[in-house]
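One structure is given below, encoded as structure tokens.
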Amino acid sequence: MRYIDAMKTILKRIIADFHQIPLPALTPRELKAPLDLDKIIAVIGPRRAGKTYYLFQLIVELEKRGMPRNRVIYINFEDERIALEGNNDLIFDAYRELYPDHKLRDIFIFFDEIQELPGWEKFVRRVSDTVSRHVFITGSNAKLLSKEIGTALRGRSLSFEILTLSFREYLGFNGISADDVFSGQNRALIGRAFETYCLWGGFPELVAVEDRFKAQILQEYFNVMLYRDLVERYAIKDTAILKYLIKRLVASFTGEFSVNKLYNDIRSLGFAAGKDTIYRMVDGIFSVYLAASLEKYDPSVLRREMSNKKVYLYDTGFASALQYPFSEDRGKRLENVVFRHLRAQGGELFFVRNGWECDFVLFPQGERPTLVQVTERLDHNNIDREIKGLTGARKLTGEADVLLLVETAGKGLKIPSWIKVIPVQEWLLSRGRP
């Protein structure tokens, strides 16, 4: 009883403090997770992308709708004071003693870093079934990959992915208007911000950090992903092979890769590793939001699976932090930034290659596809190639919206009327679907 009473006192303090202490200043994110569905809402995404602050954003939205803060329970299970030892309902006992007149079914529950609670899956399902239908959770680290939350909750949840900052969000975090594209001064600010965004990416913490510290911070993020999310989780003994694979994938971003070729290269270097081990490591790298693979579009699912894939980074900052020179190929960074924007739209995303290439084909749910080609400069030297790629992809997909995204375009270019040529920055700042 002494332990239970002490733990209940700690929980009361945590709950009451959250009700009394102002939330940190927030710059709103673009993600729109629902507040009124009878589903467990899981917010997933990369480490340090802002999941906790997004929960705070949802709580602020509830307050704007008239919900008193004391009708919210927020618990971060990384708080070292919390040691429930299976007595999880102490959370609600503590709340009832603080607010005996409140009905639990009317409260909103936010569980942050839920993976720190042993047996959290059954607990969260029971809370949603018997306590309140308004349950929101986040989770990440070596114990639980955020993408696994939906699987663990067996169809009772909806997952919403929050990535690192979009370019529009990045401007907001820097106090720059994304809507004023007319005044010369603001256009210049947007242009300079875009250069930094392409170089260092969109992790929220980096916005207010001097450039000289950004590489070090990103390397720390990388090390956490490497050692906690990959080495610990998958019990990887040979970190040299893992580091080599990551280096190769990062250096190849926006290009095609083959796991079989990576395996052969590793063998030729004298590393002893089975093919299954290499496949498992590569899958692990993709699972922790360090890099993503993109399939080649083909109506045949089998041919899709058998084809080479392209690799992209979830955040271009990792390319800089891992010593990929910015000047080597700016076009690759532009393409990767476009990938991040399309990835956040939802739907199925592919590339197309068949003697020609179309960078992206997006199939939004219930809407016609969008074809997207990206080039740093459009001129007489490359226009035929870019149009050929879009033409070939259009034959495969049928009717589609067709975009050619550029930084600069030469004069006197003959471009078919069905292709929209749009500056990359303008497209990134648009609010509609791509």
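Ligands are numbered from 1 in the order shown, chains are lettered A, B, ... in the order of the structure tokens, and residues start at 1 in each chain.
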Subject >> Surrounding residues of region 339-341 of chain A excluding itself and chain neighbours under 2 positions, 12 Å, only C-alpha atoms, as a PyMOL selection string >> reply: chain A and resi 30+162-169+198+201-202+253-254+289+291-294+310-316+332-337+343-346+349-351+359-362+372-374+424-425+427-434
Given only C-alpha atoms, how would the per-residue table for region 75-113 of chain A near region 53-63 of chain A read, listing every residue at most 9 Å away with its closest atom pair and distance in Å to one decimal, sorted by chain and number, as JSON lines?
{"residue": "A:Phe108", "atom": "CA", "partner": "A:Ile59", "partner_atom": "CA", "distance": 8.8}
{"residue": "A:Phe110", "atom": "CA", "partner": "A:Leu55", "partner_atom": "CA", "distance": 7.3}
{"residue": "A:Asp112", "atom": "CA", "partner": "A:Leu55", "partner_atom": "CA", "distance": 8.2}
Original post:
Which residues, written as a PyMOL selection string, have at least one atom at most 12 Å from Ile217 (chain A), with only C-alpha atoms counted and residues fewer than 2 positions away on the same chain left out?
Top reply: chain A and resi 48+200+203-207+209-215+219-224+317-318+320-322
Original post:
Using only C-alpha atoms, which residues sit within 10 Å of Leu226 (chain A) once same-chain residues fewer than 6 positions away are excluded, as a list in words?
Top reply: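 My list of contacting residues is Ala142, Glu220, Glu232, Arg233, Thr239, Leu242, Lys243, Ile246, Gly284, Ile285, Val288 and Leu290 of chain A.
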Output of the above residues as a PDB file, in the first residue's frame, restricted to C-alpha atoms:
ATOM      1  CA  ALA A 142      14.693   0.372 -30.115  1.00  0.00           C
ATOM      2  CA  GLU A 220      24.075  12.458 -32.883  1.00  0.00           C
ATOM      3  CA  GLU A 232      20.240  -3.047 -30.244  1.00  0.00           C
ATOM      4  CA  ARG A 233      16.964  -3.953 -31.871  1.00  0.00           C
ATOM      5  CA  THR A 239      28.588  -2.727 -37.022  1.00  0.00           C
ATOM      6  CA  LEU A 242      26.033  -1.878 -41.138  1.00  0.00           C
ATOM      7  CA  LYS A 243      27.977   1.397 -41.374  1.00  0.00           C
ATOM      8  CA  ILE A 246      24.416   3.079 -44.640  1.00  0.00           C
ATOM      9  CA  GLY A 284      16.312  -2.235 -40.747  1.00  0.00           C
ATOM     10  CA  ILE A 285      17.844   0.924 -42.224  1.00  0.00           C
ATOM     11  CA  VAL A 288      13.968   3.596 -38.708  1.00  0.00           C
ATOM     12  CA  LEU A 290      16.798   7.067 -42.056  1.00  0.00           C
TER      13      LEU A 290
END
Subject >> Picked from region 64-183 of chain A by DSSP as strand (DSSP E), as a PyMOL selection string >> reply: chain A and resi 72-76+108-112+135-138+157-161
Original post:
Nearest to Ala42 (chain A): which of A:Gly155, A:Gly270, A:Gly410, A:Pro118 is it, counting only C-alpha atoms?
Top reply: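 Answer, going by the shortest atom-to-atom distance: A:Gly155.
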Subject >> 7 Å contact set for region 5-14 of chain A, only C-alpha atoms, chain neighbours under 6 positions out, as a list of chain:residue names >> reply: A:Leu90, A:Ile91, A:Ala94, A:Tyr95, A:Leu98
Atoms kept (N, CA and C atoms) for selection, written as a PDB file, in the first residue's frame:
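Result file selection_15.pdb:
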ATOM      1  N   LEU A  90      -3.566   3.108 -11.820  1.00  0.00           N
ATOM      2  CA  LEU A  90      -3.270   4.176 -10.869  1.00  0.00           C
ATOM      3  C   LEU A  90      -3.355   5.547 -11.535  1.00  0.00           C
ATOM      4  N   ILE A  91      -3.113   5.589 -12.836  1.00  0.00           N
ATOM      5  CA  ILE A  91      -3.230   6.857 -13.573  1.00  0.00           C
ATOM      6  C   ILE A  91      -4.630   7.413 -13.418  1.00  0.00           C
ATOM      7  N   ALA A  94      -5.559   8.308  -9.752  1.00  0.00           N
ATOM      8  CA  ALA A  94      -5.007   9.613  -9.390  1.00  0.00           C
ATOM      9  C   ALA A  94      -5.855  10.740  -9.979  1.00  0.00           C
ATOM     10  N   TYR A  95      -6.286  10.565 -11.218  1.00  0.00           N
ATOM     11  CA  TYR A  95      -7.098  11.614 -11.860  1.00  0.00           C
ATOM     12  C   TYR A  95      -8.435  11.766 -11.138  1.00  0.00           C
ATOM     13  N   LEU A  98      -8.149  13.730  -8.042  1.00  0.00           N
ATOM     14  CA  LEU A  98      -7.959  15.158  -8.317  1.00  0.00           C
ATOM     15  C   LEU A  98      -9.255  15.815  -8.759  1.00  0.00           C
TER      16      LEU A  98
END
**OP:** Point out the residue among A:Ala16, A:Ile73, A:Met1, A:Leu31 with the least atom-to-atom distance to Lys51 (chain A), counting only C-alpha atoms.
**Re:**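 That would be A:Leu31, the residue with the smallest distance to Lys51 (chain A).
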Subject >> Straight-line distance linking CA of Arg69 (chain A) with CA of His19 (chain A), stated in Å to one decimal >> reply: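 Here the two named atoms are 5.6 Å from each other.
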Subject >> Pairwise distance for CA of Ala400 (chain A) and CA of Asn354 (chain A), rounded to one decimal in Å >> reply: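 It comes out at 18.4 Å.
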Original post:
Quick one, how far is CA of Ile176 (chain A) from CA of Leu189 (chain A)?
Top reply: 7.2 Å
**OP:** Would you list the contacts of Gly392 (chain A) as a PyMOL selection string, taking every protein, DNA or RNA residue within 12 Å and counting only C-alpha atoms, but skipping same-chain residues closer than 2 positions in sequence?
**Re:** chain A and resi 297+351-359+361+371+373+385-390+394-398+402
Selection file, C-alpha atoms, as a compact mmCIF listing (two decimals), in the first residue's frame:
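Output file result_37.txt is given in full below:
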# COMPACT_ATOMS: atom_id res chain seq x y z
CA TYR A 297 6.08 1.27 -61.19
CA PHE A 351 9.32 6.00 -60.13
CA VAL A 352 9.21 4.92 -63.78
CA ARG A 353 12.11 3.84 -65.96
CA ASN A 354 12.00 2.15 -69.36
CA GLY A 355 14.78 3.60 -71.49
CA TRP A 356 13.58 6.94 -70.14
CA GLU A 357 12.77 8.05 -66.60
CA CYS A 358 10.00 9.84 -64.76
CA ASP A 359 11.12 10.74 -61.25
CA VAL A 361 4.37 8.79 -60.05
CA LEU A 371 3.50 12.58 -62.69
CA GLN A 373 9.74 15.38 -63.10
CA ARG A 385 14.81 13.93 -72.19
CA GLU A 386 12.51 15.35 -69.52
CA ILE A 387 9.48 15.42 -71.82
CA LYS A 388 10.21 11.91 -73.06
CA GLY A 389 10.13 10.62 -69.48
CA LEU A 390 6.80 12.27 -68.77
CA ARG A 394 1.69 9.06 -69.12
CA LYS A 395 1.24 6.15 -71.52
CA LEU A 396 1.54 3.77 -68.58
CA THR A 397 -0.78 5.58 -66.17
CA GLY A 398 -3.35 7.11 -68.52
CA VAL A 402 1.78 16.26 -65.19
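For the residues A:Asp89, A:Asp229, A:Glu97, A:Glu78, ranking by smallest atom-to-atom distance to Thr138 (chain A) using only C-alpha atoms places A:Glu78 first.
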Subject >> Distance query Ser159 (chain A) at most 7 Å, only C-alpha atoms, self and fewer than 6 positions along chain excluded, as an NGL selection string >> reply: :A and (41-44 or 150)
